[in-house]
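Reproduced below: my_file.cif, with mmCIF, C-alpha atoms.
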```
data_final
loop_
_atom_site.group_PDB
_atom_site.id
_atom_site.type_symbol
_atom_site.label_atom_id
_atom_site.label_comp_id
_atom_site.auth_asym_id
_atom_site.auth_seq_id
_atom_site.Cartn_x
_atom_site.Cartn_y
_atom_site.Cartn_z
ATOM 1 C CA MET M 9 -102.473 -91.809 79.139
ATOM 2 C CA LYS M 10 -103.432 -93.520 75.889
ATOM 3 C CA THR M 11 -101.052 -91.467 73.803
ATOM 4 C CA GLU M 12 -98.330 -92.270 76.311
ATOM 5 C CA SER M 13 -98.336 -95.953 75.390
ATOM 6 C CA SER M 14 -98.605 -95.542 71.610
ATOM 7 C CA LYS M 15 -95.610 -93.249 71.136
ATOM 8 C CA ASN M 16 -92.053 -94.474 70.799
ATOM 9 C CA PRO M 17 -90.257 -94.612 74.143
ATOM 10 C CA THR M 18 -87.236 -92.473 75.011
ATOM 11 C CA THR M 19 -84.557 -94.297 76.975
ATOM 12 C CA VAL M 20 -81.797 -92.679 78.999
ATOM 13 C CA LYS M 21 -78.766 -94.608 80.227
ATOM 14 C CA MET M 22 -75.506 -93.745 81.894
ATOM 15 C CA SER M 23 -72.836 -95.556 79.897
ATOM 16 C CA SER M 24 -70.005 -94.333 82.131
ATOM 17 C CA ASP M 25 -69.630 -91.811 84.937
ATOM 18 C CA ARG M 26 -69.320 -89.018 82.406
ATOM 19 C CA GLU M 27 -71.501 -90.096 79.489
ATOM 20 C CA VAL M 28 -75.276 -90.210 79.044
ATOM 21 C CA LEU M 29 -76.947 -92.025 76.161
ATOM 22 C CA VAL M 30 -80.436 -91.166 74.944
ATOM 23 C CA THR M 31 -82.170 -93.339 72.335
ATOM 24 C CA ARG M 32 -85.425 -92.928 70.462
ATOM 25 C CA THR M 33 -86.998 -94.199 67.228
ATOM 26 C CA PHE M 34 -88.946 -91.944 64.861
ATOM 27 C CA ASP M 35 -91.472 -93.077 62.271
ATOM 28 C CA SER M 36 -89.833 -90.924 59.607
ATOM 29 C CA PRO M 37 -86.904 -91.202 57.217
ATOM 30 C CA ALA M 38 -83.520 -89.927 58.420
ATOM 31 C CA ARG M 39 -83.429 -87.020 55.977
ATOM 32 C CA LEU M 40 -86.557 -85.519 57.591
ATOM 33 C CA VAL M 41 -85.168 -86.016 61.100
ATOM 34 C CA PHE M 42 -81.946 -84.315 59.976
ATOM 35 C CA GLU M 43 -83.968 -81.482 58.442
ATOM 36 C CA ALA M 44 -85.766 -80.929 61.746
ATOM 37 C CA TRP M 45 -82.384 -80.722 63.561
ATOM 38 C CA SER M 46 -80.705 -78.446 61.048
ATOM 39 C CA ARG M 47 -83.300 -75.861 59.955
ATOM 40 C CA PRO M 48 -83.721 -73.225 62.697
ATOM 41 C CA GLU M 49 -87.420 -72.583 61.959
ATOM 42 C CA LEU M 50 -88.134 -76.309 62.461
ATOM 43 C CA PHE M 51 -85.647 -76.849 65.285
ATOM 44 C CA ARG M 52 -87.214 -74.159 67.440
ATOM 45 C CA GLN M 53 -90.616 -75.844 67.139
ATOM 46 C CA TRP M 54 -89.509 -78.855 69.160
ATOM 47 C CA TRP M 55 -86.289 -78.079 71.049
ATOM 48 C CA VAL M 56 -88.222 -76.092 73.617
ATOM 49 C CA PRO M 57 -91.402 -78.110 74.197
ATOM 50 C CA ARG M 58 -94.301 -76.258 75.756
ATOM 51 C CA SER M 59 -93.950 -78.249 78.983
ATOM 52 C CA LEU M 60 -90.550 -76.618 79.439
ATOM 53 C CA GLY M 61 -92.217 -73.263 79.945
ATOM 54 C CA ALA M 62 -89.200 -71.388 78.560
ATOM 55 C CA THR M 63 -89.137 -68.850 75.758
ATOM 56 C CA LEU M 64 -86.580 -69.310 73.009
ATOM 57 C CA ARG M 65 -85.806 -65.731 72.077
ATOM 58 C CA SER M 66 -83.349 -66.381 69.310
ATOM 59 C CA CYS M 67 -82.027 -69.427 67.549
ATOM 60 C CA GLU M 68 -79.087 -69.262 65.161
ATOM 61 C CA LEU M 69 -77.829 -72.526 63.719
ATOM 62 C CA ASP M 70 -75.176 -72.937 61.048
ATOM 63 C CA VAL M 71 -75.319 -76.703 60.812
ATOM 64 C CA ARG M 72 -72.150 -77.685 58.953
ATOM 65 C CA THR M 73 -68.733 -78.880 60.079
ATOM 66 C CA GLY M 74 -67.004 -75.883 61.679
ATOM 67 C CA GLY M 75 -70.247 -73.883 61.916
ATOM 68 C CA THR M 76 -71.547 -72.395 65.158
ATOM 69 C CA TYR M 77 -74.864 -72.133 66.970
ATOM 70 C CA ARG M 78 -76.356 -69.883 69.609
ATOM 71 C CA LEU M 79 -79.652 -70.252 71.477
ATOM 72 C CA GLU M 80 -80.940 -67.497 73.746
ATOM 73 C CA PHE M 81 -83.659 -68.073 76.293
ATOM 74 C CA GLY M 82 -85.752 -65.641 78.302
ATOM 75 C CA GLU M 83 -88.280 -62.986 77.384
ATOM 76 C CA ASP M 84 -86.251 -60.219 78.963
ATOM 77 C CA PRO M 85 -83.079 -59.463 76.950
ATOM 78 C CA ALA M 86 -81.384 -58.348 80.190
ATOM 79 C CA GLU M 87 -81.857 -61.789 81.690
ATOM 80 C CA THR M 88 -80.889 -63.930 78.769
ATOM 81 C CA MET M 89 -79.585 -67.447 79.222
ATOM 82 C CA ALA M 90 -77.440 -68.418 76.266
ATOM 83 C CA PHE M 91 -76.332 -71.821 74.992
ATOM 84 C CA PHE M 92 -73.683 -71.884 72.309
ATOM 85 C CA GLY M 93 -70.979 -73.954 70.684
ATOM 86 C CA ARG M 94 -69.471 -75.321 67.502
ATOM 87 C CA TYR M 95 -70.361 -78.146 65.139
ATOM 88 C CA LEU M 96 -67.346 -80.471 65.111
ATOM 89 C CA GLU M 97 -68.781 -82.764 62.471
ATOM 90 C CA VAL M 98 -71.906 -82.707 60.337
ATOM 91 C CA VAL M 99 -72.771 -85.493 57.903
ATOM 92 C CA PRO M 100 -76.175 -84.806 56.333
ATOM 93 C CA ASP M 101 -78.877 -87.332 57.258
ATOM 94 C CA SER M 102 -76.598 -89.328 59.541
ATOM 95 C CA ARG M 103 -74.478 -87.471 62.095
ATOM 96 C CA ILE M 104 -74.230 -84.179 64.009
ATOM 97 C CA VAL M 105 -71.523 -83.542 66.616
ATOM 98 C CA TRP M 106 -71.386 -80.305 68.573
ATOM 99 C CA THR M 107 -69.743 -78.748 71.611
ATOM 100 C CA ASN M 108 -71.638 -77.141 74.496
ATOM 101 C CA ASP M 109 -69.383 -74.234 75.372
ATOM 102 C CA GLU M 110 -71.561 -72.092 77.636
ATOM 103 C CA GLY M 111 -70.018 -73.516 80.820
ATOM 104 C CA GLY M 112 -66.402 -72.707 79.871
ATOM 105 C CA PRO M 113 -63.585 -74.945 78.608
ATOM 106 C CA GLU M 114 -63.346 -77.158 81.694
ATOM 107 C CA SER M 115 -66.947 -78.250 81.618
ATOM 108 C CA ALA M 116 -67.636 -78.233 77.873
ATOM 109 C CA SER M 117 -69.447 -81.403 76.879
ATOM 110 C CA VAL M 118 -69.656 -82.886 73.399
ATOM 111 C CA THR M 119 -72.999 -84.089 72.056
ATOM 112 C CA THR M 120 -73.138 -86.627 69.234
ATOM 113 C CA VAL M 121 -76.356 -87.458 67.416
ATOM 114 C CA THR M 122 -76.399 -90.390 65.025
ATOM 115 C CA LEU M 123 -79.303 -91.318 62.777
ATOM 116 C CA GLU M 124 -79.774 -94.796 61.360
ATOM 117 C CA GLU M 125 -82.602 -95.420 58.945
ATOM 118 C CA GLN M 126 -84.254 -98.792 58.553
ATOM 119 C CA ASP M 127 -87.496 -99.480 56.676
ATOM 120 C CA GLY M 128 -88.395 -95.803 56.610
ATOM 121 C CA ARG M 129 -87.933 -95.385 60.374
ATOM 122 C CA THR M 130 -85.015 -93.666 62.055
ATOM 123 C CA HIS M 131 -83.199 -94.864 65.153
ATOM 124 C CA LEU M 132 -81.569 -91.940 66.917
ATOM 125 C CA VAL M 133 -78.774 -92.219 69.470
ATOM 126 C CA LEU M 134 -77.659 -89.113 71.327
ATOM 127 C CA SER M 135 -74.531 -89.260 73.440
ATOM 128 C CA GLU M 136 -73.434 -86.489 75.760
ATOM 129 C CA VAL M 137 -69.858 -86.807 77.006
ATOM 130 C CA TYR M 138 -68.376 -84.570 79.697
ATOM 131 C CA PRO M 139 -64.628 -83.979 80.050
ATOM 132 C CA SER M 140 -64.639 -85.348 83.628
ATOM 133 C CA LYS M 141 -66.887 -86.850 86.258
ATOM 134 C CA GLU M 142 -66.713 -83.550 88.141
ATOM 135 C CA ALA M 143 -67.949 -81.656 85.083
ATOM 136 C CA PHE M 144 -70.735 -84.184 84.662
ATOM 137 C CA ASP M 145 -71.835 -83.853 88.276
ATOM 138 C CA ALA M 146 -71.711 -80.055 88.080
ATOM 139 C CA ALA M 147 -73.767 -80.064 84.877
ATOM 140 C CA GLY M 148 -76.295 -82.321 86.540
ATOM 141 C CA THR M 149 -76.707 -79.920 89.423
ATOM 142 C CA GLY M 150 -76.793 -76.944 87.056
ATOM 143 C CA ALA M 151 -79.336 -78.500 84.732
ATOM 144 C CA GLN M 152 -81.370 -79.439 87.744
ATOM 145 C CA ASP M 153 -81.424 -75.838 88.896
ATOM 146 C CA ALA M 154 -82.176 -74.499 85.428
ATOM 147 C CA LEU M 155 -85.042 -76.868 84.910
ATOM 148 C CA SER M 156 -86.331 -76.682 88.436
ATOM 149 C CA GLU M 157 -89.588 -75.010 87.500
ATOM 150 C CA THR M 158 -90.316 -76.966 84.417
ATOM 151 C CA PHE M 159 -91.282 -80.463 85.394
ATOM 152 C CA GLU M 160 -94.147 -79.781 87.690
ATOM 153 C CA GLN M 161 -95.232 -83.337 88.055
ATOM 154 C CA LEU M 162 -91.888 -84.587 89.253
ATOM 155 C CA ASP M 163 -91.471 -81.598 91.509
ATOM 156 C CA GLU M 164 -94.658 -82.570 93.249
ATOM 157 C CA VAL M 165 -93.434 -86.136 93.627
ATOM 158 C CA LEU M 166 -90.178 -84.947 95.138
ATOM 159 C CA ALA M 167 -91.938 -82.547 97.452
ATOM 160 C CA GLY M 168 -94.100 -85.425 98.614
ATOM 161 C CA LEU M 169 -91.021 -87.567 99.282
ATOM 162 C CA ALA M 170 -89.225 -84.806 101.134
ATOM 163 C CA ALA M 171 -92.255 -84.289 103.356
ATOM 164 C CA ALA M 172 -92.443 -87.991 104.227
ATOM 165 C CA MET Q 22 -75.628 -100.807 81.262
ATOM 166 C CA VAL Q 23 -76.203 -98.598 84.273
ATOM 167 C CA GLN Q 24 -72.899 -98.748 86.047
ATOM 168 C CA TYR Q 25 -74.047 -97.695 89.470
ATOM 169 C CA SER Q 26 -73.140 -100.221 92.091
ATOM 170 C CA ASP Q 27 -76.142 -98.957 93.980
ATOM 171 C CA THR Q 28 -78.898 -101.242 92.777
ATOM 172 C CA ARG Q 29 -81.431 -99.129 94.616
ATOM 173 C CA PHE Q 30 -80.618 -96.348 92.193
ATOM 174 C CA ALA Q 31 -81.451 -98.628 89.261
ATOM 175 C CA SER Q 32 -84.669 -99.904 90.800
ATOM 176 C CA SER Q 33 -85.763 -96.376 91.761
ATOM 177 C CA PHE Q 34 -85.094 -95.197 88.252
ATOM 178 C CA ALA Q 35 -87.092 -98.068 86.761
ATOM 179 C CA ALA Q 36 -89.887 -97.402 89.225
ATOM 180 C CA LEU Q 37 -90.043 -93.753 88.190
ATOM 181 C CA ALA Q 38 -89.859 -94.407 84.450
ATOM 182 C CA ASP Q 39 -93.611 -95.044 84.386
ATOM 183 C CA PRO Q 40 -96.025 -92.082 84.400
ATOM 184 C CA THR Q 41 -98.642 -93.941 86.460
ATOM 185 C CA ARG Q 42 -96.104 -94.738 89.155
ATOM 186 C CA ARG Q 43 -94.966 -91.111 89.243
ATOM 187 C CA GLY Q 44 -98.622 -90.199 89.633
ATOM 188 C CA VAL Q 45 -99.049 -92.686 92.492
ATOM 189 C CA LEU Q 46 -96.056 -91.167 94.323
ATOM 190 C CA ASP Q 47 -97.487 -87.731 93.714
ATOM 191 C CA ARG Q 48 -100.833 -88.816 95.178
ATOM 192 C CA LEU Q 49 -99.220 -90.518 98.191
ATOM 193 C CA GLY Q 50 -97.161 -87.401 98.817
ATOM 194 C CA ARG Q 51 -100.438 -85.774 99.815
ATOM 195 C CA GLY Q 52 -101.574 -88.584 102.106
ATOM 196 C CA ASP Q 53 -101.929 -92.350 102.438
ATOM 197 C CA ALA Q 54 -104.351 -94.213 100.183
ATOM 198 C CA SER Q 55 -105.636 -97.763 99.753
ATOM 199 C CA ILE Q 56 -104.920 -99.820 96.641
ATOM 200 C CA THR Q 57 -108.623 -99.547 95.763
ATOM 201 C CA GLU Q 58 -108.537 -95.743 95.970
ATOM 202 C CA LEU Q 59 -105.413 -95.630 93.810
ATOM 203 C CA ALA Q 60 -106.920 -98.021 91.248
ATOM 204 C CA ASP Q 61 -110.023 -95.808 91.022
ATOM 205 C CA ARG Q 62 -107.986 -92.640 90.801
ATOM 206 C CA PHE Q 63 -105.863 -93.964 87.925
ATOM 207 C CA GLU Q 64 -108.726 -95.841 86.270
ATOM 208 C CA MET Q 65 -107.138 -99.256 86.342
ATOM 209 C CA THR Q 66 -107.822 -102.717 87.721
ATOM 210 C CA LEU Q 67 -106.849 -103.702 91.257
ATOM 211 C CA THR Q 68 -104.395 -106.225 89.810
ATOM 212 C CA GLY Q 69 -102.769 -103.553 87.632
ATOM 213 C CA MET Q 70 -102.433 -101.156 90.542
ATOM 214 C CA LYS Q 71 -101.042 -103.894 92.815
ATOM 215 C CA LYS Q 72 -98.274 -104.465 90.263
ATOM 216 C CA HIS Q 73 -97.354 -100.770 90.145
ATOM 217 C CA VAL Q 74 -97.360 -100.520 93.933
ATOM 218 C CA GLY Q 75 -95.222 -103.676 94.072
ATOM 219 C CA VAL Q 76 -92.556 -102.064 91.870
ATOM 220 C CA LEU Q 77 -92.574 -98.897 93.991
ATOM 221 C CA GLU Q 78 -92.423 -100.966 97.171
ATOM 222 C CA GLN Q 79 -89.396 -102.921 95.928
ATOM 223 C CA ALA Q 80 -87.603 -99.670 95.200
ATOM 224 C CA GLY Q 81 -88.343 -98.542 98.753
ATOM 225 C CA LEU Q 82 -90.362 -95.593 97.484
ATOM 226 C CA VAL Q 83 -93.633 -96.877 98.951
ATOM 227 C CA THR Q 84 -94.585 -98.991 101.986
ATOM 228 C CA THR Q 85 -97.848 -100.851 102.461
ATOM 229 C CA ARG Q 86 -99.630 -102.238 105.499
ATOM 230 C CA LYS Q 87 -102.729 -104.398 105.672
ATOM 231 C CA VAL Q 88 -105.442 -103.586 108.156
ATOM 232 C CA GLY Q 89 -108.320 -106.052 107.938
ATOM 233 C CA ARG Q 90 -109.085 -106.368 104.249
ATOM 234 C CA VAL Q 91 -107.664 -103.004 103.240
ATOM 235 C CA ARG Q 92 -104.062 -102.537 102.097
ATOM 236 C CA THR Q 93 -102.961 -98.956 102.707
ATOM 237 C CA CYS Q 94 -100.014 -97.415 100.847
ATOM 238 C CA ALA Q 95 -97.735 -94.657 102.086
ATOM 239 C CA ILE Q 96 -94.555 -92.943 100.929
ATOM 240 C CA GLY Q 97 -91.609 -95.225 101.744
ATOM 241 C CA PRO Q 98 -88.263 -94.643 103.443
ATOM 242 C CA SER Q 99 -86.223 -94.305 100.250
ATOM 243 C CA ARG Q 100 -85.282 -90.821 99.122
ATOM 244 C CA LEU Q 101 -84.338 -89.842 95.632
ATOM 245 C CA ASP Q 102 -80.725 -88.833 95.555
ATOM 246 C CA GLU Q 103 -79.617 -85.877 93.469
ATOM 247 C CA GLU Q 104 -78.174 -87.912 90.660
ATOM 248 C CA LEU Q 105 -81.338 -89.940 90.220
ATOM 249 C CA GLU Q 106 -83.388 -86.781 90.291
ATOM 250 C CA TRP Q 107 -81.201 -85.337 87.573
ATOM 251 C CA ILE Q 108 -81.423 -88.330 85.279
ATOM 252 C CA VAL Q 109 -85.201 -88.543 85.652
ATOM 253 C CA ARG Q 110 -85.419 -84.861 84.696
ATOM 254 C CA TYR Q 111 -83.052 -85.434 81.790
ATOM 255 C CA GLN Q 112 -85.276 -88.237 80.546
ATOM 256 C CA GLN Q 113 -88.384 -86.059 80.873
ATOM 257 C CA LEU Q 114 -86.697 -83.249 78.959
ATOM 258 C CA TRP Q 115 -85.751 -85.479 76.025
ATOM 259 C CA ASP Q 116 -89.061 -87.280 76.119
ATOM 260 C CA ALA Q 117 -90.923 -83.970 75.803
ATOM 261 C CA ARG Q 118 -88.554 -82.747 73.087
ATOM 262 C CA PHE Q 119 -88.871 -85.897 71.034
ATOM 263 C CA ASP Q 120 -92.673 -85.883 71.311
ATOM 264 C CA ALA Q 121 -92.615 -82.357 69.902
ATOM 265 C CA LEU Q 122 -90.159 -83.519 67.219
ATOM 266 C CA ASP Q 123 -92.636 -86.261 66.255
ATOM 267 C CA GLN Q 124 -95.194 -83.555 65.530
ATOM 268 C CA VAL Q 125 -92.754 -81.545 63.404
ATOM 269 C CA LEU Q 126 -91.891 -84.702 61.452
ATOM 270 C CA GLU Q 127 -95.568 -85.487 60.870
ATOM 271 C CA LYS Q 128 -96.018 -82.017 59.387
ATOM 272 C CA LEU Q 129 -92.962 -82.449 57.156
ATOM 273 C CA LYS Q 130 -94.235 -85.816 55.944
ATOM 274 C CA ALA Q 131 -97.684 -84.411 55.207
ATOM 275 C CA LYS Q 132 -96.131 -81.531 53.268
ATOM 276 C CA GLU Q 133 -94.002 -83.902 51.196
ATOM 277 C CA GLN Q 134 -96.992 -86.105 50.540
ATOM 278 C CA SER Q 135 -99.117 -83.240 49.247
ATOM 279 C CA ARG Q 136 -96.239 -82.113 47.018
ATOM 280 C CA GLU Q 137 -95.955 -85.604 45.551
ATOM 281 C CA ASP Q 138 -99.700 -85.758 45.041
ATOM 282 C CA ARG Q 139 -99.609 -82.547 43.058
ATOM 283 C CA VAL Q 140 -96.822 -83.814 40.800
ATOM 284 C CA GLU Q 141 -98.641 -87.049 40.045
#
```
If you convert what's in this file into C-alpha cells, what do you get?
Amino acid sequence: MKTESSKNPTTVKMSSDREVLVTRTFDSPARLVFEAWSRPELFRQWWVPRSLGATLRSCELDVRTGGTYRLEFGEDPAETMAFFGRYLEVVPDSRIVWTNDEGGPESASVTTVTLEEQDGRTHLVLSEVYPSKEAFDAAGTGAQDALSETFEQLDEVLAGLAAA
Amino acid sequence: MVQYSDTRFASSFAALADPTRRGVLDRLGRGDASITELADRFEMTLTGMKKHVGVLEQAGLVTTRKVGRVRTCAIGPSRLDEELEWIVRYQQLWDARFDALDQVLEKLKAKEQSREDRVE
C-alpha cells in the first residue's frame, strides 16, 4: 500500500453524458511521454498492464496525422479481438487524437490526449467522446464484459455486494 | 464536474476510489467484522479505520451496529449500478496503464541520463 500513496493519482470524471475525462501527471518531460505513446515497442510495454491478464499479439502504430493503428489481443489467432482506428491529429510532444473504429461507425468514439509540460513534469488529459449517449452506454457495457475477468479485486467486491 | 443528479452515485464512486475501502468491502462481502478486526486486517489505527467505514456508511455501502462495546460492520443496502461499476473499472484500467507507463518513462530517463554521462 505504500507505493499506492507515493504515485501520482489517476482521476476519472464524466464531463457530460457521452464524454469521460482521465487526468494524470508524470514525472517526465512531454517528449518522453509522447515517445512512449508513439513507439510500438514502448507502447506495448504499458498499454496492456500485467493486471489486465490479456496478451497483446500484435501492435501496429503509425502515429502521424492520417496514420492508422491496429492492436490485436488473444493468444489464439482464431479468437483475436482487434482494436483499430485512425489518427486524426498528431502534434509531436503535445497532442494525439484518434478514432476507435472497432465498434462500427455509429459507436466510434474519438480519444484525445493532450500533454502539457511544466517544470519537467507532464500533465496528461485524455478525453474519450462518444457520438451519442446510447453509444457511450453500450461501450460501457461492452468494456465491462471485455474486462470482466481482469479486475479481480473489484469483482470480489461486487460479488460480495450481490450476495448481501 | 460529475453531472449525475444521483448524489449517491458520486458518493459511492468516491467511497470506492480508495484501495483500502475496496478491500474493506471485499472483506465484508465474506462476512461481518468489527472495526477492530478491520483495523488489524488492514494494519491501521482504529481512528483511521473508523473514518474509512464512515465514508462507506455514508455511501450506503456499509452498515454498522453497536453491541456493547463492539461496533460490527456489514455490507449495506446500496448496490453498485452498472454505470458506476463501469467507471470504477475504467479508472482501474487507466490507473494500471499509467503505473506501467511510469516504469517505461523511468527506463527512458535512465537511458537518456547514461547517454548524457557518456558524452560528458
Would you give me, as number ranges by chain, the residues of chain Q that come within 10 Å of chain M, using all atoms listed in the file?
-> Q: 22-25, 37-41, 43-52, 63, 82-83, 95-101, 103-127, 129-130, 133
Resolved residues for the PyMOL selection byres ((chain M and resi 63-76) around 12) as a ChimeraX atom specification = /M:42-62,77-101,103-109,158
Find the distance between atom CA of Val137 of chain M and atom CA of Thr120 of chain M and write it in Å to one decimal.
->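 Spanning atom CA of Val137 of chain M to atom CA of Thr120 of chain M is a straight-line distance of 8.4 Å.
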Can you turn the PyMOL selection byres ((chain Q and resi 91) around 12) into a concrete residue list for this file, as a ChimeraX atom specification?
-> /Q:54-58,85-90,92-94
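The spacing separating atom CA of Ser140 of chain M from atom CA of Glu110 of chain M amounts to 16.1 Å.
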With all atoms listed in the file as the basis for distance, which of M:Glu125, M:Ala143, M:Ser135, M:Thr130 is at the shortest distance from Gly112 of chain M?
->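 Checking each candidate against Gly112 of chain M, we get M:Ala143 as the closest.
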May I ask for the distance between atom CA of His131 of chain M and atom CA of Ala38 of chain M, given in Å to one decimal place?
->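 Atom CA of His131 of chain M sits 8.4 Å away from atom CA of Ala38 of chain M.
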